[in-house]
>>> print(open('work-v7.pdb').read())   # PDB, C-alpha atoms
ATOM      1  CA  MET A 399      -9.041  -2.220 -12.841
ATOM      2  CA  SER A 400     -10.013  -5.845 -12.476
ATOM      3  CA  PRO A 401      -8.492  -8.636 -14.570
ATOM      4  CA  THR A 402     -11.586  -8.327 -16.759
ATOM      5  CA  GLY A 403     -10.687  -4.694 -17.373
ATOM      6  CA  ASN A 404     -14.153  -3.290 -16.711
ATOM      7  CA  ARG A 405     -14.399  -2.713 -12.959
ATOM      8  CA  PRO A 406     -12.158  -2.345  -9.906
ATOM      9  CA  PHE A 407     -10.494  -5.600  -8.914
ATOM     10  CA  GLU A 408     -11.598  -5.055  -5.325
ATOM     11  CA  ASN A 409     -15.223  -5.209  -6.456
ATOM     12  CA  HIS A 410     -14.597  -8.115  -8.797
ATOM     13  CA  ILE A 411     -14.198 -10.753  -6.086
ATOM     14  CA  GLY A 412     -14.836  -8.711  -2.956
ATOM     15  CA  ILE A 413     -11.269  -8.677  -1.649
ATOM     16  CA  LEU A 414      -7.898  -6.967  -1.891
ATOM     17  CA  ALA A 415      -8.447  -3.702  -0.042
ATOM     18  CA  PHE A 416      -5.200  -2.071   1.123
ATOM     19  CA  PRO A 417      -4.876   0.516   3.901
ATOM     20  CA  GLU A 418      -1.627   1.780   2.377
ATOM     21  CA  PRO A 419      -0.875   2.817  -1.234
ATOM     22  CA  ARG A 420       0.268  -0.018  -3.460
ATOM     23  CA  ARG A 421       3.406   0.164  -5.538
ATOM     24  CA  ALA A 422       2.336   1.286  -8.983
ATOM     25  CA  GLU A 423       3.968  -1.659 -10.766
ATOM     26  CA  LEU A 424       2.196  -4.362  -8.745
ATOM     27  CA  LYS A 425      -0.853  -5.850 -10.464
ATOM     28  CA  PRO A 426      -3.541  -8.101  -8.981
ATOM     29  CA  ILE A 427      -3.539 -11.832  -9.596
ATOM     30  CA  ALA A 428      -6.283 -14.340  -8.772
ATOM     31  CA  LEU A 429      -5.098 -17.949  -8.887
ATOM     32  CA  VAL A 430      -7.548 -20.857  -8.781
ATOM     33  CA  ARG A 431      -5.680 -23.514  -6.803
ATOM     34  CA  ASP A 432      -7.157 -26.404  -8.750
ATOM     35  CA  GLY A 433      -3.749 -28.004  -9.195
ATOM     36  CA  GLU A 434      -3.338 -28.538  -5.460
ATOM     37  CA  CYS A 435      -6.963 -28.994  -4.410
ATOM     38  CA  LEU A 436      -8.056 -31.433  -7.117
ATOM     39  CA  GLY A 437      -4.848 -33.376  -6.730
ATOM     40  CA  LEU A 438      -5.984 -34.381  -3.236
ATOM     41  CA  SER A 439      -9.311 -35.817  -4.410
ATOM     42  CA  LEU A 440      -9.898 -39.238  -5.936
ATOM     43  CA  ASP A 441     -13.265 -38.187  -7.345
ATOM     44  CA  LEU A 442     -12.528 -35.002  -9.264
ATOM     45  CA  ALA A 443     -15.986 -34.743 -10.822
ATOM     46  CA  ARG A 444     -17.611 -34.517  -7.389
ATOM     47  CA  HIS A 445     -15.082 -32.200  -5.784
ATOM     48  CA  PRO A 446     -16.845 -28.938  -4.787
ATOM     49  CA  LEU A 447     -14.218 -26.973  -6.713
ATOM     50  CA  ALA A 448     -15.317 -28.556  -9.997
ATOM     51  CA  ASP A 449     -18.877 -27.235  -9.608
ATOM     52  CA  TRP A 450     -17.669 -23.846  -8.339
ATOM     53  CA  LEU A 451     -15.288 -23.419 -11.266
ATOM     54  CA  SER A 452     -17.981 -24.271 -13.815
ATOM     55  CA  ARG A 453     -20.009 -21.279 -12.592
ATOM     56  CA  GLN A 454     -17.216 -18.681 -12.768
ATOM     57  CA  ARG A 455     -17.154 -16.204 -15.653
ATOM     58  CA  HIS A 456     -14.001 -14.234 -14.834
ATOM     59  CA  SER A 457     -11.504 -13.767 -17.631
ATOM     60  CA  GLY A 458      -8.334 -12.645 -15.878
ATOM     61  CA  TRP A 459      -7.921 -15.445 -13.366
ATOM     62  CA  LEU A 460      -5.227 -18.118 -13.601
ATOM     63  CA  LEU A 461      -5.676 -21.897 -13.382
ATOM     64  CA  GLU A 462      -2.961 -23.645 -11.413
ATOM     65  CA  SER A 463      -3.618 -26.874 -13.317
ATOM     66  CA  MET A 464      -2.434 -25.072 -16.468
ATOM     67  CA  LEU A 465       0.842 -24.110 -14.761
ATOM     68  CA  PRO A 466       2.366 -27.527 -13.936
ATOM     69  CA  GLU A 467       5.654 -25.904 -12.976
ATOM     70  CA  ILE A 468       4.024 -24.912  -9.678
ATOM     71  CA  ARG A 469       3.360 -28.535  -8.744
ATOM     72  CA  THR A 470       6.829 -29.589  -9.886
ATOM     73  CA  LEU A 471       8.546 -26.976  -7.740
ATOM     74  CA  ALA A 472       6.345 -27.785  -4.729
ATOM     75  CA  MET A 473       7.357 -31.456  -5.001
ATOM     76  CA  LEU A 474      11.030 -30.585  -5.372
ATOM     77  CA  LEU A 475      10.904 -28.314  -2.336
ATOM     78  CA  ALA A 476       9.387 -31.178  -0.357
ATOM     79  CA  ALA A 477      12.159 -33.481  -1.566
ATOM     80  CA  ARG A 478      14.788 -31.179  -0.017
ATOM     81  CA  ARG A 479      13.600 -31.988   3.497
ATOM     82  CA  PRO A 480      14.975 -34.995   5.404
ATOM     83  CA  ARG A 481      13.040 -38.174   4.703
ATOM     84  CA  VAL A 482      10.741 -39.330   7.481
ATOM     85  CA  ARG A 483       9.388 -42.791   8.274
ATOM     86  CA  PRO A 484       6.773 -43.755   7.425
ATOM     87  CA  THR A 485       6.555 -41.705   4.239
ATOM     88  CA  PRO A 486       3.631 -39.276   4.625
ATOM     89  CA  ALA A 487       0.652 -39.597   2.301
ATOM     90  CA  ARG A 488       1.301 -36.035   1.144
ATOM     91  CA  LEU A 489       4.928 -35.142   0.468
ATOM     92  CA  SER A 490       4.398 -31.466  -0.370
ATOM     93  CA  ASP A 491       2.578 -29.328   2.177
ATOM     94  CA  GLU A 492       0.798 -25.964   1.956
ATOM     95  CA  ALA A 493       4.039 -24.045   2.474
ATOM     96  CA  ASP A 494       5.722 -25.875  -0.420
ATOM     97  CA  TRP A 495       2.877 -24.968  -2.774
ATOM     98  CA  LEU A 496       2.798 -21.354  -1.593
ATOM     99  CA  ALA A 497       6.571 -21.008  -1.939
ATOM    100  CA  ALA A 498       6.325 -22.338  -5.497
ATOM    101  CA  ARG A 499       3.606 -19.825  -6.332
ATOM    102  CA  ILE A 500       5.560 -16.933  -4.827
ATOM    103  CA  TYR A 501       8.685 -17.821  -6.783
ATOM    104  CA  LEU A 502       7.159 -18.705 -10.148
ATOM    105  CA  LEU A 503       4.434 -16.039 -10.251
ATOM    106  CA  ARG A 504       6.746 -13.413  -8.686
ATOM    107  CA  LEU A 505       4.182 -12.677  -5.972
ATOM    108  CA  GLU A 506       5.159  -9.835  -3.652
ATOM    109  CA  LYS A 507       1.895  -9.630  -1.708
ATOM    110  CA  VAL A 508      -0.502 -12.446  -0.828
ATOM    111  CA  GLU A 509      -3.871 -12.241   0.851
ATOM    112  CA  MET A 510      -3.744 -14.436   3.948
ATOM    113  CA  ALA A 511      -6.083 -14.982   6.862
ATOM    114  CA  GLU A 512      -4.530 -14.390  10.267
ATOM    115  CA  ALA A 513      -4.499 -18.130  10.989
ATOM    116  CA  GLU A 514      -2.612 -18.811   7.730
ATOM    117  CA  LYS A 515       0.276 -16.414   8.234
ATOM    118  CA  ASP A 516       2.473 -19.192   9.618
ATOM    119  CA  ILE A 517       2.159 -20.931   6.230
ATOM    120  CA  LEU A 518       3.439 -17.793   4.507
ATOM    121  CA  ALA A 519       6.308 -17.513   6.989
ATOM    122  CA  ARG A 520       7.338 -21.118   6.294
ATOM    123  CA  ALA A 521       7.048 -20.553   2.541
ATOM    124  CA  ASN A 522       9.306 -17.507   2.723
ATOM    125  CA  ASP A 523      11.774 -19.449   4.900
ATOM    126  CA  ARG A 524      11.964 -22.268   2.345
ATOM    127  CA  LEU A 525      12.672 -19.838  -0.461
ATOM    128  CA  ARG A 526      15.369 -18.236   1.673
ATOM    129  CA  GLU A 527      16.937 -21.640   2.305
ATOM    130  CA  LEU A 528      16.825 -22.350  -1.420
ATOM    131  CA  CYS A 529      17.910 -19.018  -2.883
ATOM    132  CA  GLY A 530      19.909 -17.387  -0.095
ATOM    133  CA  ALA A 531      19.771 -13.778   1.068
ATOM    134  CA  GLY A 532      18.364 -12.526  -2.237
ATOM    135  CA  ALA A 533      15.388 -14.887  -2.163
ATOM    136  CA  PRO A 534      11.983 -13.581  -3.201
ATOM    137  CA  ALA A 535       9.509 -13.160  -0.362
ATOM    138  CA  ALA A 536       5.870 -12.180  -0.146
ATOM    139  CA  ALA A 537       4.182 -10.010   2.454
ATOM    140  CA  ALA A 538       0.795 -10.880   3.924
ATOM    141  CA  CYS A 539      -2.287  -8.742   3.348
ATOM    142  CA  PRO A 540      -5.455  -9.156   5.414
ATOM    143  CA  ALA A 541      -8.577 -10.577   3.808
ATOM    144  CA  SER A 542     -11.438  -8.089   3.569
ATOM    145  CA  SER A 543     -14.046 -10.839   3.099
ATOM    146  CA  PRO A 544     -14.155 -14.653   3.176
ATOM    147  CA  GLN A 545     -13.198 -16.408  -0.053
ATOM    148  CA  PRO A 546     -13.208 -20.051  -1.172
ATOM    149  CA  ALA A 547     -10.216 -21.994   0.096
ATOM    150  CA  TRP A 548      -9.124 -22.687  -3.482
ATOM    151  CA  LEU A 549      -8.763 -19.010  -4.514
ATOM    152  CA  LEU A 550      -5.460 -17.247  -3.879
ATOM    153  CA  ALA A 551      -5.271 -13.476  -4.334
ATOM    154  CA  GLY A 552      -1.942 -11.725  -4.699
ATOM    155  CA  TRP A 553       0.038  -9.015  -6.505
ATOM    156  CA  ALA A 554       3.006  -9.256  -8.827
ATOM    157  CA  PRO A 555       4.946  -6.765 -10.990
ATOM    158  CA  PHE A 556       3.317  -7.512 -14.330
ATOM    159  CA  GLN A 557       0.030  -6.955 -16.107
ATOM    160  CA  GLN A 558      -1.881 -10.069 -17.014
ATOM    161  CA  ALA A 559      -3.151 -10.507 -20.539
ATOM    162  CA  VAL A 560      -6.953 -10.388 -20.588
ATOM    163  CA  ARG A 561      -9.535 -11.811 -22.957
ATOM    164  CA  ASP A 562     -12.920 -10.237 -23.622
ATOM    165  CA  ILE A 563     -14.821 -13.409 -22.755
ATOM    166  CA  GLY A 564     -14.812 -15.146 -19.393
ATOM    167  CA  GLY A 565     -15.060 -18.646 -18.030
ATOM    168  CA  ALA A 566     -12.622 -21.511 -17.647
ATOM    169  CA  ALA A 567     -11.466 -21.271 -21.286
ATOM    170  CA  ALA A 568     -10.345 -17.666 -20.804
ATOM    171  CA  MET A 569      -8.650 -18.578 -17.515
ATOM    172  CA  ALA A 570      -6.780 -21.363 -19.296
ATOM    173  CA  SER A 571      -5.752 -18.979 -22.079
ATOM    174  CA  ASN A 572      -4.355 -16.456 -19.595
ATOM    175  CA  SER A 573      -2.508 -19.247 -17.821
ATOM    176  CA  ARG A 574      -0.895 -20.407 -21.047
ATOM    177  CA  ARG A 575       0.329 -16.866 -21.694
ATOM    178  CA  LEU A 576       2.006 -16.806 -18.291
ATOM    179  CA  ARG A 577       3.490 -20.301 -18.488
ATOM    180  CA  PRO A 578       6.736 -19.313 -20.313
ATOM    181  CA  GLN A 579       7.665 -17.137 -17.309
ATOM    182  CA  CYS A 580       7.058 -20.047 -14.940
ATOM    183  CA  ARG A 581       9.041 -22.440 -17.110
ATOM    184  CA  GLN A 582      11.975 -20.037 -17.374
ATOM    185  CA  ARG A 583      12.124 -19.434 -13.622
ATOM    186  CA  LEU A 584      11.870 -23.148 -12.836
ATOM    187  CA  ASP A 585      14.559 -24.022 -15.386
ATOM    188  CA  ALA A 586      16.970 -21.787 -13.486
ATOM    189  CA  LEU A 587      16.474 -23.929 -10.359
ATOM    190  CA  LEU A 588      16.188 -27.425 -11.830
ATOM    191  CA  PRO A 589      19.865 -28.475 -11.937
ATOM    192  CA  MET A 590      20.337 -27.943  -8.205
ATOM    193  CA  LEU A 591      16.889 -29.201  -7.173
ATOM    194  CA  ARG A 592      17.126 -32.378  -9.227
ATOM    195  CA  THR A 593      20.493 -33.185  -7.696
ATOM    196  CA  GLU A 594      19.122 -32.767  -4.193
ATOM    197  CA  ALA A 595      15.963 -34.735  -4.990
ATOM    198  CA  GLY A 596      18.047 -37.560  -6.406
ATOM    199  CA  ARG A 597      20.115 -37.778  -3.242
ATOM    200  CA  SER A 598      16.949 -38.024  -1.134
ATOM    201  CA  GLY A 599      15.383 -40.649  -3.396
ATOM    202  CA  LEU A 600      12.275 -38.550  -4.084
ATOM    203  CA  GLN A 601      11.278 -37.475  -7.583
ATOM    204  CA  PRO A 602       8.373 -35.243  -8.716
ATOM    205  CA  ARG A 603       5.422 -37.184  -9.997
TER     206      ARG A 603
END
>>> encode(input="work-v7.pdb", output="C-alpha coordinates")
Amino acid sequence: MSPTGNRPFENHIGILAFPEPRRAELKPIALVRDGECLGLSLDLARHPLADWLSRQRHSGWLLESMLPEIRTLAMLLAARRPRVRPTPARLSDEADWLAARIYLLRLEKVEMAEAEKDILARANDRLRELCGAGAPAAAACPASSPQPAWLLAGWAPFQQAVRDIGGAAAMASNSRRLRPQCRQRLDALLPMLRTEAGRSGLQPR
(Lines of atoms letter the chains of each structure in order from A and count residues from 1; the text may use other names and numbers.)
(Lines give C-alpha, C1' and ligand atoms only; values in the text may rest on other atoms or scores of the structure.)
Protein backbone atom coordinates (compact mmCIF):
# COMPACT_ATOMS: atom_id res chain seq x y z
CA MET A 1 0.00 0.00 0.00
CA SER A 2 1.02 3.60 -0.46
CA PRO A 3 1.93 5.90 2.43
CA THR A 4 -1.64 7.19 2.19
CA GLY A 5 -2.86 3.65 2.81
CA ASN A 6 -5.41 3.60 0.00
CA ARG A 7 -3.56 2.53 -3.15
CA PRO A 8 -0.33 0.82 -4.19
CA PHE A 9 2.73 2.96 -3.57
CA GLU A 10 3.92 2.28 -7.11
CA ASN A 11 0.81 4.01 -8.44
CA HIS A 12 1.00 6.80 -5.89
CA ILE A 13 3.98 8.58 -7.46
CA GLY A 14 4.60 6.44 -10.53
CA ILE A 15 7.82 4.81 -9.35
CA LEU A 16 9.31 2.01 -7.29
CA ALA A 17 8.72 -1.06 -9.44
CA PHE A 18 10.99 -3.99 -8.54
CA PRO A 19 11.84 -6.93 -10.81
CA GLU A 20 12.65 -9.07 -7.77
CA PRO A 21 10.57 -9.68 -4.61
CA ARG A 22 11.16 -7.18 -1.84
CA ARG A 23 12.00 -8.20 1.69
CA ALA A 24 8.73 -8.22 3.59
CA GLU A 25 9.97 -5.87 6.32
CA LEU A 26 11.06 -3.08 3.97
CA LYS A 27 8.53 -0.26 3.60
CA PRO A 28 8.49 2.56 1.05
CA ILE A 29 9.63 6.05 1.96
CA ALA A 30 9.25 9.24 -0.08
CA LEU A 31 11.46 12.08 1.16
CA VAL A 32 11.02 15.64 -0.10
CA ARG A 33 14.57 17.00 -0.19
CA ASP A 34 13.55 20.52 0.76
CA GLY A 35 16.27 20.73 3.39
CA GLU A 36 19.02 20.42 0.79
CA CYS A 37 17.35 22.05 -2.21
CA LEU A 38 15.95 25.15 -0.49
CA GLY A 39 19.18 25.61 1.41
CA LEU A 40 20.91 26.36 -1.90
CA SER A 41 18.49 29.15 -2.87
CA LEU A 42 18.56 32.74 -1.64
CA ASP A 43 14.97 33.32 -2.74
CA LEU A 44 13.03 30.47 -1.16
CA ALA A 45 9.61 31.83 -2.10
CA ARG A 46 10.46 31.67 -5.80
CA HIS A 47 12.23 28.32 -5.76
CA PRO A 48 10.30 25.87 -8.00
CA LEU A 49 10.15 23.41 -5.11
CA ALA A 50 8.06 25.82 -3.04
CA ASP A 51 5.31 25.93 -5.69
CA TRP A 52 5.53 22.18 -6.33
CA LEU A 53 5.23 21.37 -2.63
CA SER A 54 2.19 23.61 -2.20
CA ARG A 55 0.32 21.47 -4.75
CA GLN A 56 1.08 18.07 -3.19
CA ARG A 57 -1.61 16.29 -1.19
CA HIS A 58 0.25 13.15 -0.11
CA SER A 59 0.09 12.24 3.55
CA GLY A 60 2.88 9.70 4.01
CA TRP A 61 5.81 11.65 2.62
CA LEU A 62 8.60 13.08 4.77
CA LEU A 63 9.95 16.65 4.76
CA GLU A 64 13.71 16.85 5.10
CA SER A 65 13.42 20.36 6.55
CA MET A 66 11.61 18.80 9.53
CA LEU A 67 14.50 16.38 10.10
CA PRO A 68 17.43 18.75 10.79
CA GLU A 69 19.61 15.85 11.88
CA ILE A 70 20.08 15.02 8.19
CA ARG A 71 21.65 18.40 7.47
CA THR A 72 23.77 18.21 10.62
CA LEU A 73 25.19 14.82 9.70
CA ALA A 74 25.82 15.89 6.09
CA MET A 75 27.84 18.87 7.35
CA LEU A 76 29.79 16.73 9.80
CA LEU A 77 30.61 14.20 7.09
CA ALA A 78 31.92 17.05 4.94
CA ALA A 79 34.03 18.28 7.86
CA ARG A 80 35.84 14.91 8.00
CA ARG A 81 37.47 15.51 4.62
CA PRO A 82 40.78 17.38 4.33
CA ARG A 83 40.31 21.13 4.05
CA VAL A 84 40.87 22.59 0.60
CA ARG A 85 41.82 26.12 -0.45
CA PRO A 86 39.90 28.15 -1.29
CA THR A 87 37.00 26.91 0.83
CA PRO A 88 34.24 25.77 -1.55
CA ALA A 89 30.92 27.60 -1.54
CA ARG A 90 29.23 24.32 -0.64
CA LEU A 91 30.95 22.22 2.01
CA SER A 92 28.60 19.24 1.92
CA ASP A 93 28.01 17.56 -1.44
CA GLU A 94 25.29 15.24 -2.75
CA ALA A 95 27.06 12.16 -1.38
CA ASP A 96 27.21 13.66 2.12
CA TRP A 97 23.47 14.34 2.11
CA LEU A 98 22.67 10.89 0.72
CA ALA A 99 24.91 9.18 3.27
CA ALA A 100 23.14 11.08 6.05
CA ARG A 101 19.75 9.99 4.74
CA ILE A 102 20.83 6.36 4.43
CA TYR A 103 22.16 6.30 7.98
CA LEU A 104 19.44 8.26 9.77
CA LEU A 105 16.42 6.91 7.86
CA ARG A 106 17.89 3.37 7.76
CA LEU A 107 17.47 3.23 3.99
CA GLU A 108 18.39 -0.12 2.45
CA LYS A 109 17.23 0.62 -1.10
CA VAL A 110 17.25 3.95 -2.94
CA GLU A 111 15.86 4.77 -6.34
CA MET A 112 18.70 6.19 -8.43
CA ALA A 113 19.07 7.09 -12.07
CA GLU A 114 21.95 5.38 -13.84
CA ALA A 115 23.92 8.64 -13.95
CA GLU A 116 23.53 9.08 -10.17
CA LYS A 117 24.85 5.71 -9.07
CA ASP A 118 28.32 7.15 -8.47
CA ILE A 119 26.77 9.42 -5.82
CA LEU A 120 25.34 6.37 -4.05
CA ALA A 121 28.70 4.59 -4.26
CA ARG A 122 30.44 7.59 -2.66
CA ALA A 123 27.76 7.82 0.02
CA ASN A 124 28.18 4.16 0.91
CA ASP A 125 31.98 4.60 0.96
CA ARG A 126 31.71 7.52 3.39
CA LEU A 127 29.53 5.52 5.74
CA ARG A 128 32.02 2.66 5.55
CA GLU A 129 34.86 5.04 6.41
CA LEU A 130 32.82 6.36 9.33
CA CYS A 131 31.34 3.17 10.75
CA GLY A 132 33.73 0.44 9.62
CA ALA A 133 32.88 -2.97 8.21
CA GLY A 134 29.41 -3.01 9.78
CA ALA A 135 28.36 0.27 8.16
CA PRO A 136 24.87 0.57 6.73
CA ALA A 137 24.71 0.66 2.94
CA ALA A 138 21.94 1.14 0.42
CA ALA A 139 21.46 -0.62 -2.89
CA ALA A 140 20.37 1.22 -6.02
CA CYS A 141 17.04 0.57 -7.72
CA PRO A 142 16.27 1.81 -11.23
CA ALA A 143 13.73 4.58 -11.73
CA SER A 144 10.61 3.46 -13.60
CA SER A 145 9.65 7.04 -14.52
CA PRO A 146 11.17 10.53 -14.20
CA GLN A 147 10.59 12.30 -10.89
CA PRO A 148 11.38 15.80 -9.61
CA ALA A 149 14.99 16.19 -8.53
CA TRP A 150 13.87 17.01 -4.99
CA LEU A 151 12.01 13.71 -4.39
CA LEU A 152 13.95 10.73 -3.05
CA ALA A 153 12.28 7.31 -3.02
CA GLY A 154 13.64 4.51 -0.89
CA TRP A 155 12.81 1.59 1.43
CA ALA A 156 13.55 1.06 5.09
CA PRO A 157 12.58 -1.58 7.69
CA PHE A 158 9.74 0.29 9.37
CA GLN A 159 6.19 1.36 8.67
CA GLN A 160 5.59 5.07 8.56
CA ALA A 161 2.77 6.56 10.58
CA VAL A 162 0.07 7.92 8.27
CA ARG A 163 -2.55 10.61 8.69
CA ASP A 164 -5.92 10.60 6.94
CA ILE A 165 -5.42 14.06 5.46
CA GLY A 166 -2.69 15.06 3.05
CA GLY A 167 -0.62 18.10 2.24
CA ALA A 168 2.45 19.69 3.77
CA ALA A 169 0.96 19.65 7.29
CA ALA A 170 0.56 15.87 7.19
CA MET A 171 4.07 15.48 5.77
CA ALA A 172 5.41 17.59 8.63
CA SER A 173 3.48 15.50 11.16
CA ASN A 174 4.92 12.26 9.79
CA SER A 175 8.39 13.78 9.87
CA ARG A 176 8.02 14.75 13.51
CA ARG A 177 7.04 11.18 14.36
CA LEU A 178 10.22 9.90 12.73
CA ARG A 179 12.53 12.53 14.20
CA PRO A 180 13.27 10.70 17.50
CA GLN A 181 14.84 7.86 15.48
CA CYS A 182 17.02 10.33 13.60
CA ARG A 183 18.05 12.10 16.79
CA GLN A 184 18.94 8.84 18.52
CA ARG A 185 21.05 7.60 15.62
CA LEU A 186 22.86 10.93 15.27
CA ASP A 187 23.52 11.12 19.02
CA ALA A 188 25.42 7.84 18.76
CA LEU A 189 27.83 9.44 16.27
CA LEU A 190 28.16 12.98 17.64
CA PRO A 191 31.05 12.53 20.11
CA MET A 192 33.41 11.23 17.43
CA LEU A 193 32.17 13.53 14.64
CA ARG A 194 32.38 16.66 16.76
CA THR A 195 35.95 15.84 17.73
CA GLU A 196 36.95 15.39 14.11
CA ALA A 197 35.09 18.53 13.01
CA GLY A 198 36.81 20.53 15.72
CA ARG A 199 40.23 19.40 14.55
CA SER A 200 39.42 20.48 10.99
CA GLY A 201 38.05 23.85 12.09
CA LEU A 202 34.64 23.26 10.48
CA GLN A 203 31.42 23.26 12.47
CA PRO A 204 27.83 22.55 11.31
CA ARG A 205 25.82 25.66 10.71
>>> atom_distance(input="work-v7.pdb", atom1="CA of Asp449 in chain A", atom2="CA of Ser543 in chain A")
21.3 Å
>>> residues_around(input="work-v7.pdb", residues="Leu505 in chain A", least_positions_apart="3", cutoff="6 Å", atoms="only C-alpha atoms", output="list of chain:residue names")
A:Ile500, A:Trp553, A:Ala554
>>> atom_distance(input="work-v7.pdb", atom1="CA of Ala476 in chain A", atom2="CA of Ala448 in chain A")
26.6 Å
>>> residues_near_point(input="work-v7.pdb", point="(4.6, -30.7, -10.0)", cutoff="10 Å", atoms="only C-alpha atoms", output="PyMOL selection string")
chain A and resi 433-434+463+465-474+490+495+498+601-603
>>> atom_distance(input="work-v7.pdb", atom1="CA of Gln545 in chain A", atom2="CA of Arg504 in chain A")
21.9 Å
>>> axis_aligned_box(input="work-v7.pdb", around="range 564-580 of chain A", padding_each_side="6 Å", output="AutoDock Vina command-line options")
--center_x -3.7 --center_y -18.3 --center_z -18.5 --size_x 34.7 --size_y 18.4 --size_z 19.1
>>> residues_around(input="work-v7.pdb", residues="Leu549 in chain A", least_positions_apart="6", cutoff="12 Å", atoms="all atoms listed in the file", output="ChimeraX atom specification")
/A:411,413,427-435,447,450-451,454,459-462,508-510,541
>>> write_last_selection(input="work-v7.pdb", atoms="C-alpha atoms", output="PDB file, in the coordinates of the input")
ATOM      1  CA  ILE A 411     -14.198 -10.753  -6.086  1.00  0.00           C
ATOM      2  CA  ILE A 413     -11.269  -8.677  -1.649  1.00  0.00           C
ATOM      3  CA  ILE A 427      -3.539 -11.832  -9.596  1.00  0.00           C
ATOM      4  CA  ALA A 428      -6.283 -14.340  -8.772  1.00  0.00           C
ATOM      5  CA  LEU A 429      -5.098 -17.949  -8.887  1.00  0.00           C
ATOM      6  CA  VAL A 430      -7.548 -20.857  -8.781  1.00  0.00           C
ATOM      7  CA  ARG A 431      -5.680 -23.514  -6.803  1.00  0.00           C
ATOM      8  CA  ASP A 432      -7.157 -26.404  -8.750  1.00  0.00           C
ATOM      9  CA  GLY A 433      -3.749 -28.004  -9.195  1.00  0.00           C
ATOM     10  CA  GLU A 434      -3.338 -28.538  -5.460  1.00  0.00           C
ATOM     11  CA  CYS A 435      -6.963 -28.994  -4.410  1.00  0.00           C
ATOM     12  CA  LEU A 447     -14.218 -26.973  -6.713  1.00  0.00           C
ATOM     13  CA  TRP A 450     -17.669 -23.846  -8.339  1.00  0.00           C
ATOM     14  CA  LEU A 451     -15.288 -23.419 -11.266  1.00  0.00           C
ATOM     15  CA  GLN A 454     -17.216 -18.681 -12.768  1.00  0.00           C
ATOM     16  CA  TRP A 459      -7.921 -15.445 -13.366  1.00  0.00           C
ATOM     17  CA  LEU A 460      -5.227 -18.118 -13.601  1.00  0.00           C
ATOM     18  CA  LEU A 461      -5.676 -21.897 -13.382  1.00  0.00           C
ATOM     19  CA  GLU A 462      -2.961 -23.645 -11.413  1.00  0.00           C
ATOM     20  CA  VAL A 508      -0.502 -12.446  -0.828  1.00  0.00           C
ATOM     21  CA  GLU A 509      -3.871 -12.241   0.851  1.00  0.00           C
ATOM     22  CA  MET A 510      -3.744 -14.436   3.948  1.00  0.00           C
ATOM     23  CA  ALA A 541      -8.577 -10.577   3.808  1.00  0.00           C
TER      24      ALA A 541
END
>>> closest_residue(input="work-v7.pdb", among="A:Pro480, A:Cys539, A:Ala493, A:Leu587", to="Glu506 in chain A", atoms="only C-alpha atoms")
A:Cys539
>>> closest_residue(input="work-v7.pdb", among="A:Ala570, A:Ala511, A:Ala531, A:Leu489", to="Leu550 in chain A", atoms="all atoms listed in the file")
A:Ala511
>>> closest_residue(input="work-v7.pdb", among="A:Pro589, A:Gly532, A:Gly458, A:Pro555", to="Met569 in chain A", atoms="only C-alpha atoms")
A:Gly458
>>> closest_residue(input="work-v7.pdb", among="A:Cys529, A:Met464, A:Ala519, A:Ala513", to="Ala567 in chain A", atoms="only C-alpha atoms")
A:Met464
>>> resolve_selection(input="work-v7.pdb", expression="the PyMOL selection byres ((chain A and resi 579-583) around 7)", output="list in words")
Glu467, Leu502, Leu503, Leu576, Arg577, Pro578, Leu584, Asp585 and Ala586 of chain A
>>> residues_around(input="work-v7.pdb", residues="Ala533 in chain A", least_positions_apart="2", cutoff="10 Å", atoms="only C-alpha atoms", output="list in words")
Tyr501, Asn522, Asp523, Arg524, Leu525, Arg526, Glu527, Leu528, Cys529, Gly530, Ala531 and Ala535 of chain A
>>> resolve_selection(input="work-v7.pdb", expression="the PyMOL selection byres ((chain A and resi 537) around 6)", output="list in words")
Lys507, Ala536 and Ala538 of chain A
>>> write_last_selection(input="work-v7.pdb", atoms="C-alpha atoms", output="JSON list (two decimals), in the coordinates of the input")
[["chain", "number", "residue", "atom", "x", "y", "z"],
["A", 507, "LYS", "CA", 1.90, -9.63, -1.71],
["A", 536, "ALA", "CA", 5.87, -12.18, -0.15],
["A", 538, "ALA", "CA", 0.80, -10.88, 3.92]]
